[in-house]
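What follows is the content of work00.cif, which has mmCIF, C-alpha atoms:
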```cif
data_input
loop_
_atom_site.group_PDB
_atom_site.id
_atom_site.type_symbol
_atom_site.label_atom_id
_atom_site.label_comp_id
_atom_site.auth_asym_id
_atom_site.auth_seq_id
_atom_site.Cartn_x
_atom_site.Cartn_y
_atom_site.Cartn_z
ATOM 1 C CA LYS C 241 -0.223 -16.732 -13.380
ATOM 2 C CA ILE C 242 -1.090 -16.636 -9.663
ATOM 3 C CA ILE C 243 -1.834 -12.889 -9.936
ATOM 4 C CA ASP C 244 -4.186 -13.129 -12.941
ATOM 5 C CA PRO C 245 -7.464 -13.555 -10.978
ATOM 6 C CA TYR C 246 -6.547 -10.564 -8.783
ATOM 7 C CA LEU C 247 -5.677 -7.979 -11.449
ATOM 8 C CA SER C 248 -9.022 -6.288 -10.793
ATOM 9 C CA ILE C 249 -7.923 -5.493 -7.228
ATOM 10 C CA LEU C 250 -4.883 -3.711 -8.649
ATOM 11 C CA ALA C 251 -7.129 -1.870 -11.122
ATOM 12 C CA ASP C 252 -9.386 -0.790 -8.240
ATOM 13 C CA HIS C 253 -6.316 1.029 -6.882
ATOM 14 C CA ALA C 254 -5.454 2.690 -10.231
ATOM 15 C CA ILE C 255 -2.718 0.157 -10.997
ATOM 16 C CA VAL C 256 -3.447 -1.116 -14.484
ATOM 17 C CA VAL C 257 -1.569 -4.337 -15.204
ATOM 18 C CA GLU C 258 -2.025 -6.777 -18.075
ATOM 19 C CA LEU C 259 -0.708 -10.272 -18.662
ATOM 20 C CA PHE C 260 1.979 -10.164 -21.339
ATOM 21 C CA SER C 261 2.962 -13.813 -21.205
ATOM 22 C CA ARG C 262 2.721 -16.698 -18.752
ATOM 23 C CA ASN C 263 5.413 -15.168 -16.544
ATOM 24 C CA GLU C 264 5.364 -11.483 -17.502
ATOM 25 C CA LEU C 265 3.139 -8.499 -16.829
ATOM 26 C CA ILE C 266 2.904 -5.081 -18.428
ATOM 27 C CA VAL C 267 2.228 -2.134 -16.123
ATOM 28 C CA ARG C 268 0.103 0.358 -18.051
ATOM 29 C CA SER C 269 -0.509 2.955 -15.345
ATOM 30 C CA LEU C 270 0.126 3.788 -11.706
ATOM 31 C CA PRO C 271 -1.264 6.386 -9.320
ATOM 32 C CA VAL C 272 1.102 9.326 -8.923
ATOM 33 C CA MET C 273 1.647 8.506 -5.241
ATOM 34 C CA LEU C 274 3.457 5.310 -6.314
ATOM 35 C CA LYS C 275 5.764 6.969 -8.843
ATOM 36 C CA ASN C 276 8.858 6.087 -6.799
ATOM 37 C CA PHE C 277 7.643 2.685 -5.639
ATOM 38 C CA SER C 278 8.618 -0.645 -7.170
ATOM 39 C CA VAL C 279 5.550 -2.225 -8.741
ATOM 40 C CA GLU C 280 7.524 -5.454 -8.899
ATOM 41 C CA GLU C 281 7.784 -5.332 -5.092
ATOM 42 C CA LEU C 282 4.028 -4.749 -4.781
ATOM 43 C CA ILE C 283 3.148 -7.636 -7.103
ATOM 44 C CA THR C 284 5.648 -9.957 -5.402
ATOM 45 C CA GLN C 285 4.125 -9.040 -2.034
ATOM 46 C CA MET C 286 0.638 -9.640 -3.432
ATOM 47 C CA ALA C 287 1.661 -13.113 -4.645
ATOM 48 C CA GLN C 288 2.960 -13.865 -1.133
ATOM 49 C CA TRP C 289 -0.374 -12.806 0.393
ATOM 50 C CA ILE C 290 -2.208 -15.058 -2.063
ATOM 51 C CA ASN C 291 0.035 -18.031 -1.231
ATOM 52 C CA GLU C 292 -0.191 -17.362 2.501
ATOM 53 C CA HIS C 293 -4.003 -17.199 2.526
ATOM 54 C CA GLN C 294 -4.898 -19.548 -0.334
ATOM 55 C CA SER C 295 -7.036 -21.725 1.956
ATOM 56 C CA LEU C 296 -9.537 -18.853 2.417
ATOM 57 C CA ASP C 297 -12.606 -18.384 0.258
ATOM 58 C CA THR C 298 -12.352 -15.852 -2.570
ATOM 59 C CA GLN C 299 -14.158 -13.037 -0.770
ATOM 60 C CA ALA C 300 -12.024 -13.327 2.389
ATOM 61 C CA LEU C 301 -8.826 -13.490 0.331
ATOM 62 C CA ASN C 302 -9.855 -10.421 -1.686
ATOM 63 C CA THR C 303 -10.549 -8.549 1.559
ATOM 64 C CA ILE C 304 -7.128 -9.430 2.977
ATOM 65 C CA ILE C 305 -5.324 -8.491 -0.235
ATOM 66 C CA THR C 306 -7.212 -5.187 -0.478
ATOM 67 C CA HIS C 307 -6.515 -4.304 3.172
ATOM 68 C CA ASN C 308 -2.822 -5.203 2.923
ATOM 69 C CA MET C 309 -2.381 -3.381 -0.375
ATOM 70 C CA ARG C 310 -3.986 -0.201 0.977
ATOM 71 C CA ALA C 311 -1.751 -0.313 4.048
ATOM 72 C CA LEU C 312 1.362 -0.868 1.923
ATOM 73 C CA MET C 313 0.443 1.895 -0.532
ATOM 74 C CA ALA C 314 -0.322 4.322 2.285
ATOM 75 C CA CYS C 315 2.997 3.588 3.925
ATOM 76 C CA LYS C 316 4.998 3.916 0.704
ATOM 77 C CA ALA C 317 3.242 7.141 -0.300
ATOM 78 C CA ALA C 318 3.590 8.707 3.151
ATOM 79 C CA VAL C 319 5.803 11.654 3.908
ATOM 80 C CA LYS C 320 9.140 10.379 5.201
ATOM 81 C CA ALA C 321 11.904 11.864 7.311
ATOM 82 C CA GLY C 322 14.016 14.181 5.193
ATOM 83 C CA ASP C 323 11.186 15.132 2.807
ATOM 84 C CA THR C 324 11.011 18.894 2.197
ATOM 85 C CA LEU C 325 7.632 20.355 3.201
ATOM 86 C CA SER C 326 6.303 23.864 3.548
ATOM 87 C CA SER C 327 4.963 25.015 6.924
ATOM 88 C CA SER C 328 1.422 25.077 5.547
ATOM 89 C CA HIS C 329 1.776 21.518 4.215
ATOM 90 C CA MET C 330 3.077 20.330 7.591
ATOM 91 C CA GLN C 331 0.166 21.987 9.406
ATOM 92 C CA GLU C 332 -2.333 20.466 6.961
ATOM 93 C CA LEU C 333 -0.859 16.990 7.543
ATOM 94 C CA VAL C 334 -1.147 17.429 11.318
ATOM 95 C CA ASN C 335 -4.761 18.589 10.944
ATOM 96 C CA GLN C 336 -5.625 15.625 8.702
ATOM 97 C CA LEU C 337 -3.961 13.202 11.114
ATOM 98 C CA ALA C 338 -5.884 14.625 14.074
ATOM 99 C CA SER C 339 -9.163 14.017 12.245
ATOM 100 C CA CYS C 340 -8.426 10.309 11.609
ATOM 101 C CA PRO C 341 -10.160 7.793 13.901
ATOM 102 C CA HIS C 342 -6.921 5.812 14.396
ATOM 103 C CA HIS C 343 -4.461 8.685 14.500
ATOM 104 C CA LEU C 344 -2.028 7.254 17.057
ATOM 105 C CA THR C 345 -0.503 4.629 14.738
ATOM 106 C CA CYS C 346 0.174 4.073 11.051
ATOM 107 C CA PRO C 347 -1.594 1.178 9.257
ATOM 108 C CA HIS C 348 1.299 -1.093 10.306
ATOM 109 C CA GLY C 349 0.953 -0.167 13.982
ATOM 110 C CA ARG C 350 3.933 2.157 14.313
ATOM 111 C CA PRO C 351 3.391 5.350 16.350
ATOM 112 C CA THR C 352 2.631 8.541 14.431
ATOM 113 C CA GLY C 353 4.008 10.842 17.099
ATOM 114 C CA TRP C 354 5.713 11.136 20.463
ATOM 115 C CA LEU C 355 5.426 13.439 23.436
ATOM 116 C CA ILE C 356 8.867 14.781 24.283
ATOM 117 C CA SER C 357 9.510 17.115 27.160
ATOM 118 C CA THR C 358 11.531 20.275 26.622
ATOM 119 C CA ASP C 359 14.276 18.771 28.803
ATOM 120 C CA GLU C 360 14.606 15.846 26.383
#
```

Representation of the structure as structure tokens:
Amino acid sequence: KIIDPYLSILADHAIVVELFSRNELIVRSLPVMLKNFSVEELITQMAQWINEHQSLDTQALNTIITHNMRALMACKAAVKAGDTLSSSHMQELVNQLASCPHHLTCPHGRPTGWLISTDE
């Protein structure tokens, strides 16, 4: 029930969820980038954000939830170590990263690259 007023935020991110009962949801659709991601984990995390920031006004809470959800989705959809990529895909990712205003860290603050000498 805590999630009900925030279902529109999920819908804004192509996650269509409906209330099935007081304690159950039905997931109708997800963006393809979340095909291997647990929606249950996302909704549980969202409920935690709501509980954590419940003293804020609605607009501020919506902003926090939206920001956190985008960061989580970006991280989960990101290319990970061990993923198979073509050379052209790798180059395109590097080009896209270089064009980002905050290209030195991911949305969670972790570095996106390292300088390593040839000796290392």

Quiz item: When the PyMOL selection byres ((chain C and resi 286) around 12) is applied to the file above, which residues end up in the set, as a PyMOL selection string?
Solution: chain C and resi 242-247+249-250+279-285+287-294+301-302+304-310+312-313

Exercise. Please indicate the distance in Å from CA of His348 in chain C to CA of Thr324 in chain C, rounded to one decimal place.
Key: 23.7 Å

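The list of residues with at least one atom within 12 Å of Ala318 in chain C, based on all atoms listed in the file and without residues fewer than 5 positions apart in the same chain, reads Met273, Leu274, Asn276, Phe277, Arg310, Ala311, Leu312, Met313, Asp323, Leu333, Leu337, Cys346, Pro347 and Thr352 of chain C.
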
Exercise. Would you mind reading off the distance between CA of Val272 in chain C and CA of Leu259 in chain C, one decimal, in Å?
Key: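 Interatomic distance, CA of Val272 in chain C to CA of Leu259 in chain C: 22.0 Å.
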
Self-check item: Distance in Å - CA of Lys275 in chain C versus CA of Ile255 in chain C
Solution: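 Going from CA of Lys275 in chain C over to CA of Ile255 in chain C, I get 11.1 Å.
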
May I have the centre and edge lengths, in Å to one decimal, of an axis-aligned box around the listed atoms of range 345-349 of chain C with 8 Å added to every side, as lines of an AutoDock Vina configuration file?
```
center_x = -0.1
center_y = 1.8
center_z = 12.0
size_x = 18.9
size_y = 21.7
size_z = 21.5
```

Give me the result of the PyMOL selection byres ((chain C and resi 267) around 10) on this file, residue by residue, as a short mmCIF file (atom, residue, chain, number, x, y, z; two decimals) with C-alpha atoms, keeping the file's coordinate frame.
```cif
data_model
loop_
_atom_site.label_atom_id
_atom_site.label_comp_id
_atom_site.auth_asym_id
_atom_site.auth_seq_id
_atom_site.Cartn_x
_atom_site.Cartn_y
_atom_site.Cartn_z
CA ILE C 255 -2.72 0.16 -11.00
CA VAL C 256 -3.45 -1.12 -14.48
CA VAL C 257 -1.57 -4.34 -15.20
CA GLU C 258 -2.02 -6.78 -18.08
CA LEU C 259 -0.71 -10.27 -18.66
CA PHE C 260 1.98 -10.16 -21.34
CA GLU C 264 5.36 -11.48 -17.50
CA LEU C 265 3.14 -8.50 -16.83
CA ILE C 266 2.90 -5.08 -18.43
CA ARG C 268 0.10 0.36 -18.05
CA SER C 269 -0.51 2.96 -15.34
CA LEU C 270 0.13 3.79 -11.71
CA VAL C 279 5.55 -2.22 -8.74
CA GLU C 280 7.52 -5.45 -8.90
#
```

Exercise. Could you tell me which of C:Lys320, C:Ser326, C:Val334, C:Pro271 comes closest to Ala254 in chain C if we count all atoms listed in the file?
Key: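 Nearest candidate to Ala254 in chain C out of C:Lys320, C:Ser326, C:Val334, C:Pro271: C:Pro271.
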